[in-house]
Amino acid sequence: MKHLKLALALAVLIQPLPVCTASDMPLKILAAENVYADIAAQIGGNYVRTGAVLSNPDQDPHVFEASPSVARDIKTADVVILNGAGYDDWMAKLLASSPKTARVVLNAAQITGVKPGENPHLWYDVPRMRVFAAVLTASLSALDPAHQAQFTENLRKFEAELQTLVLQCHDFAAAHPHVPLTASEPVFGYMAAQLGADMNGLAFQLAIMNNTEPAVSDVAAFEKSLKHHEVKAMLYNAQAGSPSVERLKKIAIAAGIPVVPVTETEPAHTSYQNWMRQEISELDKALSGSPQ
């Protein structure tokens, strides 16, 4: 509760919330990533209309370039959500070039205390998404106080589903205590920590995420962890590939190490909660020897 109060206070400091009278027009919310658009739709219900810039799970978010249509959508949005922490700097630049005093801007990294240079894949951190959802609810309630009760009830339902995710993490940790894992990038990093896993190869992961060449020693250590079965599974970012990662995947498969894909973008026709459940389940199956 203490962290939640701090987050709510931080949100107000980041962007003062204008209070508007209720109207028949739903609030227009534009999110840089579709996971935030989904959460906003769950909280806002019928009183919001949401859109997302990044919504294709087959697209590499790190090489995205915003089109002129994104700038137009920003100008008409009541609420703009970005991840922050350097993940979507293009959105921050577009906001700076399109000032609008009545617009609410929610930066998920700032709200949840993640700084540039830290792992920006915040949606894999369930407690942080709970804090973000609470701040979002407060923002929508300030913009549309007539529907505060509905927003609050939707938040309660969302938090209840997040609790089932927490329980799933506990069950996983009990079934696979301190399981050693490795990954091509730190996409799944926050979730791996919640699952009680021990993550290997962090230096290699950061290099790949930052589009830099991994050190020879880091590549050698990664290969050794696969060939000598020092890890039980290798996670890889299905949205971003490189020759070095493909080579490591082949080494893992040859060594009988399960290779498990994860994504940075929420798949279509699902929800944040189901996306997280599915990825945890796929890793659990891989570690249990079940067919993928």
# chains A, B, ... in the order shown; residues from 1 in each chain; ligands from 1
$ select_by_dssp --residues "segment 32-148 of chain A" --states "alpha helix (DSSP H)" --output "MDAnalysis selection string"
chainID A and resid 34:44 68:76 89:96 108:112 126:143 148
$ residues_around --residues "Ala92 of chain A" --least-positions-apart "5" --cutoff "9 Å" --atoms "only C-alpha atoms" --output "PDB file with C-alpha atoms, in the first residue's frame"
ATOM      1  CA  LEU A  82       4.139   5.293 -23.080  1.00  0.00           C
ATOM      2  CA  GLY A  84       9.392   4.999 -20.957  1.00  0.00           C
ATOM      3  CA  SER A  97       6.665  18.398 -30.510  1.00  0.00           C
TER       4      SER A  97
END
$ closest_residue --among "A:Ala268, A:Leu206, A:Leu30, A:Val105" --to "Asp218 of chain A" --atoms "only C-alpha atoms"
A:Leu206
$ closest_residue --among "A:Ala220, A:Ala183, A:Leu165, A:Ala109" --to "Leu202 of chain A" --atoms "only C-alpha atoms"
A:Ala183
$ closest_residue --among "A:Glu266, A:Glu153, A:Glu223, A:Asp198" --to "Ala252 of chain A" --atoms "only C-alpha atoms"
A:Glu223
$ residues_around --residues "segment 277-290 of chain A" --least-positions-apart "3" --cutoff "12 Å" --atoms "only C-alpha atoms" --output "mmCIF file with N, CA and C atoms, in the first residue's frame"
data_model
loop_
_atom_site.group_PDB
_atom_site.id
_atom_site.type_symbol
_atom_site.label_atom_id
_atom_site.label_comp_id
_atom_site.auth_asym_id
_atom_site.auth_seq_id
_atom_site.Cartn_x
_atom_site.Cartn_y
_atom_site.Cartn_z
ATOM 1 N N TYR A 124 6.189 -7.440 -17.886
ATOM 2 C CA TYR A 124 6.478 -8.754 -17.310
ATOM 3 C C TYR A 124 6.605 -8.693 -15.795
ATOM 4 N N VAL A 126 4.444 -8.154 -12.747
ATOM 5 C CA VAL A 126 3.030 -8.087 -12.357
ATOM 6 C C VAL A 126 2.783 -7.020 -11.285
ATOM 7 N N GLU A 161 -7.564 -10.623 -11.132
ATOM 8 C CA GLU A 161 -6.947 -11.495 -12.131
ATOM 9 C C GLU A 161 -5.429 -11.481 -12.004
ATOM 10 N N LEU A 162 -4.868 -10.339 -11.645
ATOM 11 C CA LEU A 162 -3.426 -10.291 -11.422
ATOM 12 C C LEU A 162 -3.029 -11.196 -10.265
ATOM 13 N N GLN A 163 -3.897 -11.295 -9.281
ATOM 14 C CA GLN A 163 -3.590 -12.170 -8.147
ATOM 15 C C GLN A 163 -3.512 -13.624 -8.574
ATOM 16 N N THR A 164 -4.322 -14.019 -9.558
ATOM 17 C CA THR A 164 -4.217 -15.394 -10.065
ATOM 18 C C THR A 164 -2.868 -15.607 -10.750
ATOM 19 N N LEU A 165 -2.332 -14.557 -11.372
ATOM 20 C CA LEU A 165 -1.000 -14.652 -11.966
ATOM 21 C C LEU A 165 0.060 -14.846 -10.886
ATOM 22 N N VAL A 166 -0.088 -14.120 -9.793
ATOM 23 C CA VAL A 166 0.854 -14.253 -8.680
ATOM 24 C C VAL A 166 0.839 -15.682 -8.148
ATOM 25 N N LEU A 167 -0.346 -16.249 -8.021
ATOM 26 C CA LEU A 167 -0.470 -17.631 -7.539
ATOM 27 C C LEU A 167 0.152 -18.611 -8.527
ATOM 28 N N GLN A 168 -0.009 -18.347 -9.830
ATOM 29 C CA GLN A 168 0.609 -19.196 -10.844
ATOM 30 C C GLN A 168 2.135 -19.144 -10.724
ATOM 31 N N CYS A 169 2.661 -17.957 -10.451
ATOM 32 C CA CYS A 169 4.104 -17.822 -10.251
ATOM 33 C C CYS A 169 4.567 -18.637 -9.044
ATOM 34 N N HIS A 170 3.797 -18.602 -7.970
ATOM 35 C CA HIS A 170 4.142 -19.367 -6.773
ATOM 36 C C HIS A 170 4.130 -20.864 -7.066
ATOM 37 N N ASP A 171 3.134 -21.322 -7.822
ATOM 38 C CA ASP A 171 3.048 -22.747 -8.177
ATOM 39 C C ASP A 171 4.253 -23.155 -9.035
ATOM 40 N N PHE A 172 4.622 -22.281 -9.969
ATOM 41 C CA PHE A 172 5.777 -22.560 -10.825
ATOM 42 C C PHE A 172 7.043 -22.679 -9.973
ATOM 43 N N ALA A 173 7.235 -21.734 -9.065
ATOM 44 C CA ALA A 173 8.429 -21.742 -8.224
ATOM 45 C C ALA A 173 8.505 -23.000 -7.367
ATOM 46 N N ALA A 174 7.349 -23.482 -6.925
ATOM 47 C CA ALA A 174 7.323 -24.705 -6.125
ATOM 48 C C ALA A 174 7.675 -25.923 -6.972
ATOM 49 N N ALA A 175 7.224 -25.920 -8.230
ATOM 50 C CA ALA A 175 7.488 -27.050 -9.123
ATOM 51 C C ALA A 175 8.905 -27.040 -9.678
ATOM 52 N N HIS A 176 9.479 -25.820 -9.834
ATOM 53 C CA HIS A 176 10.819 -25.687 -10.418
ATOM 54 C C HIS A 176 11.657 -24.727 -9.563
ATOM 55 N N PRO A 177 12.010 -25.122 -8.347
ATOM 56 C CA PRO A 177 12.709 -24.189 -7.445
ATOM 57 C C PRO A 177 14.077 -23.789 -7.978
ATOM 58 N N VAL A 179 15.173 -22.747 -10.729
ATOM 59 C CA VAL A 179 15.578 -23.362 -11.991
ATOM 60 C C VAL A 179 16.505 -22.420 -12.751
ATOM 61 N N PRO A 180 17.650 -22.916 -13.240
ATOM 62 C CA PRO A 180 18.566 -22.052 -13.996
ATOM 63 C C PRO A 180 18.100 -21.884 -15.440
ATOM 64 N N LEU A 181 17.976 -20.631 -15.872
ATOM 65 C CA LEU A 181 17.535 -20.313 -17.222
ATOM 66 C C LEU A 181 18.552 -19.389 -17.886
ATOM 67 N N VAL A 187 14.002 -9.826 -22.022
ATOM 68 C CA VAL A 187 12.571 -9.558 -22.195
ATOM 69 C C VAL A 187 11.772 -10.159 -21.044
ATOM 70 N N PHE A 188 12.066 -11.399 -20.695
ATOM 71 C CA PHE A 188 11.316 -12.151 -19.693
ATOM 72 C C PHE A 188 11.899 -11.979 -18.291
ATOM 73 N N MET A 191 9.681 -11.396 -15.114
ATOM 74 C CA MET A 191 8.847 -12.555 -14.831
ATOM 75 C C MET A 191 9.686 -13.716 -14.307
ATOM 76 N N ALA A 192 10.881 -13.894 -14.860
ATOM 77 C CA ALA A 192 11.751 -14.967 -14.382
ATOM 78 C C ALA A 192 12.038 -14.799 -12.891
ATOM 79 N N GLN A 194 10.078 -13.339 -10.716
ATOM 80 C CA GLN A 194 8.857 -13.661 -9.976
ATOM 81 C C GLN A 194 8.614 -15.171 -9.917
ATOM 82 N N LEU A 195 9.164 -15.896 -10.889
ATOM 83 C CA LEU A 195 9.029 -17.348 -10.910
ATOM 84 C C LEU A 195 10.076 -18.029 -10.034
ATOM 85 N N ALA A 197 13.261 -18.128 -10.667
ATOM 86 C CA ALA A 197 14.300 -18.726 -11.495
ATOM 87 C C ALA A 197 15.621 -17.993 -11.317
ATOM 88 N N VAL A 231 22.003 -24.813 -17.709
ATOM 89 C CA VAL A 231 20.672 -24.204 -17.699
ATOM 90 C C VAL A 231 19.661 -25.235 -18.171
ATOM 91 N N LYS A 232 18.415 -25.030 -17.794
ATOM 92 C CA LYS A 232 17.362 -25.986 -18.123
ATOM 93 C C LYS A 232 16.505 -25.562 -19.308
ATOM 94 N N ALA A 233 16.588 -24.276 -19.704
ATOM 95 C CA ALA A 233 15.824 -23.790 -20.857
ATOM 96 C C ALA A 233 16.438 -22.487 -21.330
ATOM 97 N N MET A 234 16.251 -22.219 -22.625
ATOM 98 C CA MET A 234 16.696 -20.954 -23.214
ATOM 99 C C MET A 234 15.478 -20.217 -23.750
ATOM 100 N N LEU A 235 15.270 -19.009 -23.249
ATOM 101 C CA LEU A 235 14.210 -18.143 -23.745
ATOM 102 C C LEU A 235 14.781 -17.257 -24.839
ATOM 103 N N TYR A 236 13.977 -16.984 -25.850
ATOM 104 C CA TYR A 236 14.454 -16.076 -26.888
ATOM 105 C C TYR A 236 13.332 -15.152 -27.334
ATOM 106 N N GLY A 256 19.771 -30.589 -26.464
ATOM 107 C CA GLY A 256 18.542 -31.039 -25.814
ATOM 108 C C GLY A 256 17.985 -30.058 -24.815
ATOM 109 N N ILE A 257 18.404 -28.795 -24.922
ATOM 110 C CA ILE A 257 17.882 -27.741 -24.040
ATOM 111 C C ILE A 257 16.633 -27.144 -24.683
ATOM 112 N N PRO A 258 15.504 -27.124 -23.988
ATOM 113 C CA PRO A 258 14.290 -26.532 -24.572
ATOM 114 C C PRO A 258 14.492 -25.062 -24.932
ATOM 115 N N VAL A 259 14.005 -24.669 -26.099
ATOM 116 C CA VAL A 259 14.073 -23.292 -26.568
ATOM 117 C C VAL A 259 12.651 -22.738 -26.571
ATOM 118 N N VAL A 260 12.411 -21.700 -25.773
ATOM 119 C CA VAL A 260 11.050 -21.204 -25.543
ATOM 120 C C VAL A 260 10.928 -19.763 -26.029
ATOM 121 N N PRO A 261 10.017 -19.492 -26.971
ATOM 122 C CA PRO A 261 9.864 -18.115 -27.455
ATOM 123 C C PRO A 261 9.042 -17.258 -26.505
ATOM 124 N N VAL A 262 9.395 -15.974 -26.428
ATOM 125 C CA VAL A 262 8.585 -14.974 -25.724
ATOM 126 C C VAL A 262 8.480 -13.763 -26.645
ATOM 127 N N THR A 263 7.513 -12.903 -26.393
ATOM 128 C CA THR A 263 7.326 -11.721 -27.239
ATOM 129 C C THR A 263 7.306 -10.452 -26.394
ATOM 130 N N GLU A 264 7.594 -9.348 -27.058
ATOM 131 C CA GLU A 264 7.520 -8.039 -26.414
ATOM 132 C C GLU A 264 6.160 -7.399 -26.615
ATOM 133 N N GLU A 266 1.997 -7.775 -27.049
ATOM 134 C CA GLU A 266 0.874 -8.648 -26.707
ATOM 135 C C GLU A 266 0.243 -9.225 -27.979
ATOM 136 N N PRO A 267 0.081 -10.542 -28.051
ATOM 137 C CA PRO A 267 -0.541 -11.139 -29.238
ATOM 138 C C PRO A 267 -1.986 -10.673 -29.412
ATOM 139 N N THR A 270 -6.199 -11.525 -27.327
ATOM 140 C CA THR A 270 -5.972 -12.033 -25.983
ATOM 141 C C THR A 270 -5.969 -10.855 -25.026
ATOM 142 N N SER A 271 -5.661 -11.106 -23.770
ATOM 143 C CA SER A 271 -5.550 -10.041 -22.777
ATOM 144 C C SER A 271 -4.172 -10.113 -22.141
ATOM 145 N N TYR A 272 -3.816 -9.054 -21.453
ATOM 146 C CA TYR A 272 -2.532 -9.048 -20.754
ATOM 147 C C TYR A 272 -2.412 -10.249 -19.842
ATOM 148 N N GLN A 273 -3.468 -10.506 -19.060
ATOM 149 C CA GLN A 273 -3.419 -11.596 -18.098
ATOM 150 C C GLN A 273 -3.236 -12.950 -18.793
ATOM 151 N N ASN A 274 -4.000 -13.189 -19.864
ATOM 152 C CA ASN A 274 -3.890 -14.466 -20.563
ATOM 153 C C ASN A 274 -2.551 -14.614 -21.271
#
$ select_by_dssp --residues "segment 88-236 of chain A" --states "strand (DSSP E or B)" --output "MDAnalysis selection string"
chainID A and resid 104:107 116 118 180:183 198:200 233:236
$ closest_residue --among "A:Pro214, A:Pro61, A:Pro99, A:Pro186" --to "Pro120 of chain A" --atoms "only C-alpha atoms"
A:Pro186
$ residues_around --residues "Val245 of chain A" --least-positions-apart "4" --cutoff "7 Å" --atoms "only C-alpha atoms" --output "ChimeraX atom specification"
/A:184,241,249
$ write_last_selection --atoms "C-alpha atoms" --output "mmCIF file, in the first residue's frame"
data_model
loop_
_atom_site.group_PDB
_atom_site.id
_atom_site.type_symbol
_atom_site.label_atom_id
_atom_site.label_comp_id
_atom_site.auth_asym_id
_atom_site.auth_seq_id
_atom_site.Cartn_x
_atom_site.Cartn_y
_atom_site.Cartn_z
ATOM 1 C CA SER A 184 18.748 -14.105 -25.756
ATOM 2 C CA GLY A 241 16.624 -12.075 -34.378
ATOM 3 C CA LYS A 249 19.366 -21.617 -30.485
#
$ closest_residue --among "A:Gln42, A:Thr50, A:Ser139, A:Asn83" --to "Lys115 of chain A" --atoms "only C-alpha atoms"
A:Asn83
$ closest_residue --among "A:Thr182, A:Leu95, A:Asp24, A:Gln150" --to "Arg72 of chain A" --atoms "only C-alpha atoms"
A:Leu95
$ residues_around --residues "Gly201 of chain A" --least-positions-apart "3" --cutoff "7 Å" --atoms "only C-alpha atoms" --output "NGL selection string"
:A and (182 or 204-205 or 222)
$ write_last_selection --atoms "N, CA and C atoms" --output "PDB file, in the first residue's frame"
ATOM      1  N   THR A 182      18.441 -19.270 -19.196  1.00  0.00           N
ATOM      2  CA  THR A 182      19.176 -18.249 -19.916  1.00  0.00           C
ATOM      3  C   THR A 182      18.273 -17.698 -20.998  1.00  0.00           C
ATOM      4  N   PHE A 204      25.376 -11.039 -21.911  1.00  0.00           N
ATOM      5  CA  PHE A 204      25.047 -11.311 -23.310  1.00  0.00           C
ATOM      6  C   PHE A 204      23.678 -10.734 -23.650  1.00  0.00           C
ATOM      7  N   GLN A 205      22.711 -10.930 -22.774  1.00  0.00           N
ATOM      8  CA  GLN A 205      21.352 -10.454 -23.014  1.00  0.00           C
ATOM      9  C   GLN A 205      21.303  -8.940 -23.189  1.00  0.00           C
ATOM     10  N   PHE A 222      27.927 -18.359 -22.602  1.00  0.00           N
ATOM     11  CA  PHE A 222      26.567 -18.743 -23.001  1.00  0.00           C
ATOM     12  C   PHE A 222      26.596 -20.131 -23.639  1.00  0.00           C
TER      13      PHE A 222
END
$ residues_around --residues "Arg103 of chain A" --least-positions-apart "4" --cutoff "7 Å" --atoms "only C-alpha atoms" --output "list in words"
Ala77, Asp78 and Val79 of chain A
$ atom_distance --atom1 "atom CA of Phe151 of chain A" --atom2 "atom CA of Asp38 of chain A"
14.3 Å
$ atom_distance --atom1 "atom CA of Ala134 of chain A" --atom2 "atom CA of Ala40 of chain A"
10.7 Å
$ residues_around --residues "Ala255 of chain A" --least-positions-apart "6" --cutoff "9 Å" --atoms "only C-alpha atoms" --output "NGL selection string"
:A and (226-229)
$ write_last_selection --atoms "N, CA and C atoms" --output "PDB file, in the first residue's frame"
ATOM      1  N   LEU A 226      24.930 -23.960 -22.286  1.00  0.00           N
ATOM      2  CA  LEU A 226      24.045 -24.839 -23.061  1.00  0.00           C
ATOM      3  C   LEU A 226      24.653 -26.227 -23.227  1.00  0.00           C
ATOM      4  N   LYS A 227      25.884 -26.259 -23.671  1.00  0.00           N
ATOM      5  CA  LYS A 227      26.527 -27.541 -23.962  1.00  0.00           C
ATOM      6  C   LYS A 227      26.720 -28.392 -22.714  1.00  0.00           C
ATOM      7  N   HIS A 228      26.930 -27.758 -21.578  1.00  0.00           N
ATOM      8  CA  HIS A 228      27.169 -28.486 -20.328  1.00  0.00           C
ATOM      9  C   HIS A 228      25.908 -28.575 -19.459  1.00  0.00           C
ATOM     10  N   HIS A 229      24.779 -28.222 -20.023  1.00  0.00           N
ATOM     11  CA  HIS A 229      23.489 -28.323 -19.319  1.00  0.00           C
ATOM     12  C   HIS A 229      23.494 -27.594 -17.979  1.00  0.00           C
TER      13      HIS A 229
END
$ atom_distance --atom1 "atom CA of Thr265 of chain A" --atom2 "atom CA of His121 of chain A"
10.0 Å
